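Data block below; observations after.
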Amino acid sequence: MQNDLGDFLRSRRSRIRPGDAGLREYGRRRVPGLRREEVAQLAGVSVDYYIRLEQGRGKHVSDAVLDAVARALRLTDPERLHLYALARPGGTVDAHPTTASGVYSAAIHPGVRLVLDALTAPAFVLGRRMDVLAWNALGDSVSGFSRVPAGERNQARYLFLEPAAPAYYPEWETVAGETVAFLRRDAGLHPDDPRLTALVAELSERSPDFRRLWASHPVKEKTRGAKLIQHPELGRLELGYETLALPADPDQLLVVYTAEPGSPTAAALARLAGLRSVGV
């Protein structure tokens, strides 16, 4: 993660064609997308200043400059927050304080545990690095968290290192892209987290797919969406998911799976809940 800011900026300018930004194209281009001087022009800063920023040598960058660069590169809101996090490591971004030590509490508050157990839908709690911290009975039945050794309960590790993951997720490439995008966001918020650095290094070494996706610098929040699961016992599950931030623990997210009422997936989950209630 030596110059993530520069890598991120280069990846974002490479996806914008000059014509899309209202610029005329002159001569052949060795690389796709905008040149550095074109980004500087669009952002209203000097070429030298932008080059220093892309090289990771820009210090005390103002909000105005970062916002101008974000507009020039057409960044989404999560990407803009990621830009701020990379430009100001050790600062505070979007109410998520970064720390030099990477140490945080992964403990689940007893009240959150009660909420999990009260939910009639599969649910679990994610911490930093996409570590799975807790789950309810239905969440365990769908995802099998309890069968994974405690130190390996991590969604990214399962997705890229578990041979069964592509069969479990029929739309594996989509899930993999979303996972890397969220992990990238986490890396921007916590650049000095040693366990995150170790996880990225491990996945990069062992998974060519992870290396490919990580190099593209996707950034995305985990808010809501759909997920297709081929469960070994329940069959095809077409699930939605909602992700809720826990205000008292900003590094923890409550993820709840949902099913369309009256759908085969809802019926399968109802049967599963019935079996759970009678202890089968």
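So you can find residues: chains in the structure tokens are A, B, ... in the order shown, residues in each start at 1, and ligands are numbered from 1 in order.
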
* Skipping near chain neighbours, those fewer than 6 positions away, what residues fall within 9 Å of Leu75 in chain A using only C-alpha atoms, listed as an MDAnalysis selection string? -> chainID A and resid 12 69 83

In range 126-197 of chain A, what's helix (DSSP H, G or I) per DSSP? Answer as a VMD selection string? chain A and resid 128 to 130 137 to 143 145 to 147 150 to 152 155 to 161 165 to 168 172 to 189 194 to 197

Identify, on the basis of only C-alpha atoms, every residue whose closest approach to Ala181 in chain A does not exceed 8 Å; exclude the query and any residue fewer than 6 positions from it along the same chain; express the result as a PyMOL selection string. chain A and resi 217-221

Selected residues, N, CA and C atoms, written as an mmCIF file, in the first residue's frame, please.
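The resulting out.cif:
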```cif
data_model
loop_
_atom_site.group_PDB
_atom_site.id
_atom_site.type_symbol
_atom_site.label_atom_id
_atom_site.label_comp_id
_atom_site.auth_asym_id
_atom_site.auth_seq_id
_atom_site.Cartn_x
_atom_site.Cartn_y
_atom_site.Cartn_z
ATOM 1 N N HIS A 217 -8.530 -0.947 -8.304
ATOM 2 C CA HIS A 217 -8.892 0.065 -7.305
ATOM 3 C C HIS A 217 -10.383 0.383 -7.248
ATOM 4 N N PRO A 218 -11.264 -0.621 -7.168
ATOM 5 C CA PRO A 218 -12.684 -0.306 -6.984
ATOM 6 C C PRO A 218 -12.927 0.163 -5.555
ATOM 7 N N VAL A 219 -13.881 1.059 -5.363
ATOM 8 C CA VAL A 219 -14.234 1.540 -4.029
ATOM 9 C C VAL A 219 -15.757 1.613 -3.949
ATOM 10 N N LYS A 220 -16.324 0.971 -2.923
ATOM 11 C CA LYS A 220 -17.774 0.963 -2.803
ATOM 12 C C LYS A 220 -18.167 0.671 -1.367
ATOM 13 N N GLU A 221 -19.247 1.319 -0.912
ATOM 14 C CA GLU A 221 -19.774 1.003 0.403
ATOM 15 C C GLU A 221 -20.663 -0.227 0.319
#
```

Residue with the minimum atom-to-atom distance to Phe8 in chain A, picked from A:Glu79, A:Asp20, A:Glu37, A:Glu205 with only C-alpha atoms counted, is A:Glu79

> Just how far from CA of Ser143 in chain A is CA of Thr258 in chain A, in Å to one decimal?
Replying inline: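 Separation between CA of Thr258 in chain A and CA of Ser143 in chain A: 13.9 Å.
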
Correct to one decimal, the distance CA of Arg24 in chain A-CA of Ala40 in chain A is 15.0 Å

Q. Which polymer residues have any atom within 9 Å of an atom of Ala134 in chain A, counting only C-alpha atoms, with same-chain residues fewer than 5 positions away left out, as a ChimeraX atom specification?
A. /A:108,113,116,123-126,145

Dump of all heavy atoms for the selected residues, as a PDB file, in the first residue's frame:
```pdb
ATOM      1  N   ILE A 108     -18.755  -7.602  20.539  1.00  0.00           N
ATOM      2  CA  ILE A 108     -20.134  -7.292  20.216  1.00  0.00           C
ATOM      3  C   ILE A 108     -20.861  -6.859  21.489  1.00  0.00           C
ATOM      4  O   ILE A 108     -20.824  -7.559  22.515  1.00  0.00           O
ATOM      5  CB  ILE A 108     -20.842  -8.523  19.613  1.00  0.00           C
ATOM      6  CG1 ILE A 108     -20.155  -8.937  18.314  1.00  0.00           C
ATOM      7  CG2 ILE A 108     -22.315  -8.228  19.349  1.00  0.00           C
ATOM      8  CD1 ILE A 108     -20.172  -7.887  17.242  1.00  0.00           C
ATOM      9  N   ARG A 113     -26.175  -8.310  20.417  1.00  0.00           N
ATOM     10  CA  ARG A 113     -26.396  -9.763  20.451  1.00  0.00           C
ATOM     11  C   ARG A 113     -27.888 -10.077  20.591  1.00  0.00           C
ATOM     12  O   ARG A 113     -28.415 -10.988  19.938  1.00  0.00           O
ATOM     13  CB  ARG A 113     -25.619 -10.329  21.630  1.00  0.00           C
ATOM     14  CG  ARG A 113     -25.729 -11.816  21.890  1.00  0.00           C
ATOM     15  CD  ARG A 113     -25.004 -12.637  20.864  1.00  0.00           C
ATOM     16  NE  ARG A 113     -25.868 -13.101  19.803  1.00  0.00           N
ATOM     17  CZ  ARG A 113     -25.432 -13.725  18.716  1.00  0.00           C
ATOM     18  NH1 ARG A 113     -24.152 -13.975  18.556  1.00  0.00           N
ATOM     19  NH2 ARG A 113     -26.287 -14.114  17.796  1.00  0.00           N
ATOM     20  N   LEU A 116     -29.622  -9.433  17.251  1.00  0.00           N
ATOM     21  CA  LEU A 116     -29.363 -10.534  16.333  1.00  0.00           C
ATOM     22  C   LEU A 116     -30.304 -11.716  16.601  1.00  0.00           C
ATOM     23  O   LEU A 116     -30.926 -12.260  15.688  1.00  0.00           O
ATOM     24  CB  LEU A 116     -27.911 -11.007  16.466  1.00  0.00           C
ATOM     25  CG  LEU A 116     -26.841 -10.323  15.639  1.00  0.00           C
ATOM     26  CD1 LEU A 116     -25.469 -10.870  16.031  1.00  0.00           C
ATOM     27  CD2 LEU A 116     -27.077 -10.503  14.155  1.00  0.00           C
ATOM     28  N   ALA A 123     -28.903 -13.035   9.751  1.00  0.00           N
ATOM     29  CA  ALA A 123     -28.190 -11.789  10.012  1.00  0.00           C
ATOM     30  C   ALA A 123     -26.830 -12.081  10.635  1.00  0.00           C
ATOM     31  O   ALA A 123     -26.631 -13.121  11.277  1.00  0.00           O
ATOM     32  CB  ALA A 123     -29.010 -10.885  10.944  1.00  0.00           C
ATOM     33  N   PHE A 124     -25.916 -11.160  10.446  1.00  0.00           N
ATOM     34  CA  PHE A 124     -24.586 -11.285  11.039  1.00  0.00           C
ATOM     35  C   PHE A 124     -23.958  -9.904  11.152  1.00  0.00           C
ATOM     36  O   PHE A 124     -24.464  -8.923  10.595  1.00  0.00           O
ATOM     37  CB  PHE A 124     -23.691 -12.223  10.210  1.00  0.00           C
ATOM     38  CG  PHE A 124     -23.569 -11.857   8.754  1.00  0.00           C
ATOM     39  CD1 PHE A 124     -22.517 -11.083   8.286  1.00  0.00           C
ATOM     40  CD2 PHE A 124     -24.516 -12.297   7.832  1.00  0.00           C
ATOM     41  CE1 PHE A 124     -22.403 -10.751   6.945  1.00  0.00           C
ATOM     42  CE2 PHE A 124     -24.421 -11.977   6.483  1.00  0.00           C
ATOM     43  CZ  PHE A 124     -23.354 -11.198   6.044  1.00  0.00           C
ATOM     44  N   VAL A 125     -22.871  -9.807  11.893  1.00  0.00           N
ATOM     45  CA  VAL A 125     -22.165  -8.547  12.103  1.00  0.00           C
ATOM     46  C   VAL A 125     -20.768  -8.653  11.506  1.00  0.00           C
ATOM     47  O   VAL A 125     -20.036  -9.608  11.775  1.00  0.00           O
ATOM     48  CB  VAL A 125     -22.060  -8.197  13.608  1.00  0.00           C
ATOM     49  CG1 VAL A 125     -21.204  -6.940  13.809  1.00  0.00           C
ATOM     50  CG2 VAL A 125     -23.454  -7.987  14.204  1.00  0.00           C
ATOM     51  N   LEU A 126     -20.437  -7.672  10.670  1.00  0.00           N
ATOM     52  CA  LEU A 126     -19.097  -7.568  10.095  1.00  0.00           C
ATOM     53  C   LEU A 126     -18.295  -6.510  10.836  1.00  0.00           C
ATOM     54  O   LEU A 126     -18.826  -5.446  11.173  1.00  0.00           O
ATOM     55  CB  LEU A 126     -19.170  -7.172   8.617  1.00  0.00           C
ATOM     56  CG  LEU A 126     -19.597  -8.225   7.594  1.00  0.00           C
ATOM     57  CD1 LEU A 126     -19.575  -7.599   6.198  1.00  0.00           C
ATOM     58  CD2 LEU A 126     -18.685  -9.435   7.643  1.00  0.00           C
ATOM     59  N   PHE A 145     -21.099 -20.020   9.369  1.00  0.00           N
ATOM     60  CA  PHE A 145     -19.979 -19.346  10.046  1.00  0.00           C
ATOM     61  C   PHE A 145     -19.357 -20.209  11.141  1.00  0.00           C
ATOM     62  O   PHE A 145     -18.134 -20.205  11.329  1.00  0.00           O
ATOM     63  CB  PHE A 145     -20.460 -18.026  10.656  1.00  0.00           C
ATOM     64  CG  PHE A 145     -20.986 -17.038   9.669  1.00  0.00           C
ATOM     65  CD1 PHE A 145     -22.255 -16.521   9.796  1.00  0.00           C
ATOM     66  CD2 PHE A 145     -20.214 -16.626   8.592  1.00  0.00           C
ATOM     67  CE1 PHE A 145     -22.753 -15.598   8.894  1.00  0.00           C
ATOM     68  CE2 PHE A 145     -20.690 -15.700   7.680  1.00  0.00           C
ATOM     69  CZ  PHE A 145     -21.979 -15.189   7.828  1.00  0.00           C
TER      70      PHE A 145
END
```

Select from range 56-198 of chain A everything DSSP, run on the backbone, classes as strand (DSSP E), then give the selection as JSON, numbers by chain.
{"A": [92, 93, 96, 97, 123, 124, 125, 126, 132, 133, 134, 135]}

Got time to write the residues from that selection, C-alpha atoms, as a PDB file, in the first residue's frame?
```pdb
ATOM      1  CA  THR A  92     -10.994  11.536  10.280  1.00  0.00           C
ATOM      2  CA  VAL A  93     -13.192  10.780   7.294  1.00  0.00           C
ATOM      3  CA  HIS A  96     -14.692   7.034  10.867  1.00  0.00           C
ATOM      4  CA  PRO A  97     -11.510   7.819  12.850  1.00  0.00           C
ATOM      5  CA  ALA A 123     -28.190 -11.789  10.012  1.00  0.00           C
ATOM      6  CA  PHE A 124     -24.586 -11.285  11.039  1.00  0.00           C
ATOM      7  CA  VAL A 125     -22.165  -8.547  12.103  1.00  0.00           C
ATOM      8  CA  LEU A 126     -19.097  -7.568  10.095  1.00  0.00           C
ATOM      9  CA  VAL A 132     -17.408 -11.972  10.713  1.00  0.00           C
ATOM     10  CA  LEU A 133     -17.872 -11.142  14.404  1.00  0.00           C
ATOM     11  CA  ALA A 134     -21.290 -12.603  15.269  1.00  0.00           C
ATOM     12  CA  TRP A 135     -24.402 -14.126  13.718  1.00  0.00           C
TER      13      TRP A 135
END
```

Among the residues A:Ala267, A:Leu272, A:Val31, A:Leu199, the one that comes closest to Glu238 in chain A [using only C-alpha atoms]: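 Looking only at the distances to Glu238 in chain A, the closest residue turns out to be A:Ala267.
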
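The space between CA of Ser14 in chain A and CA of Arg36 in chain A spans 9.9 Å.
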
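Shortest atom-to-atom contact with Glu152 in chain A among A:Arg129, A:Arg52, A:Arg185, A:His60: A:Arg129, counting only C-alpha atoms.
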
Show me, as a ChimeraX atom specification, the residues that have an atom within 12 Å of Ala176 in chain A when counting only C-alpha atoms, minus same-chain residues fewer than 4 positions from it. /A:155-161,165-166,169-172,180-183,207,209-214,218,227

In terms of only C-alpha atoms, the residue from A:Ile16, A:Gly235, A:Arg29, A:Ala85 at minimal distance from Ala72 in chain A is A:Ile16
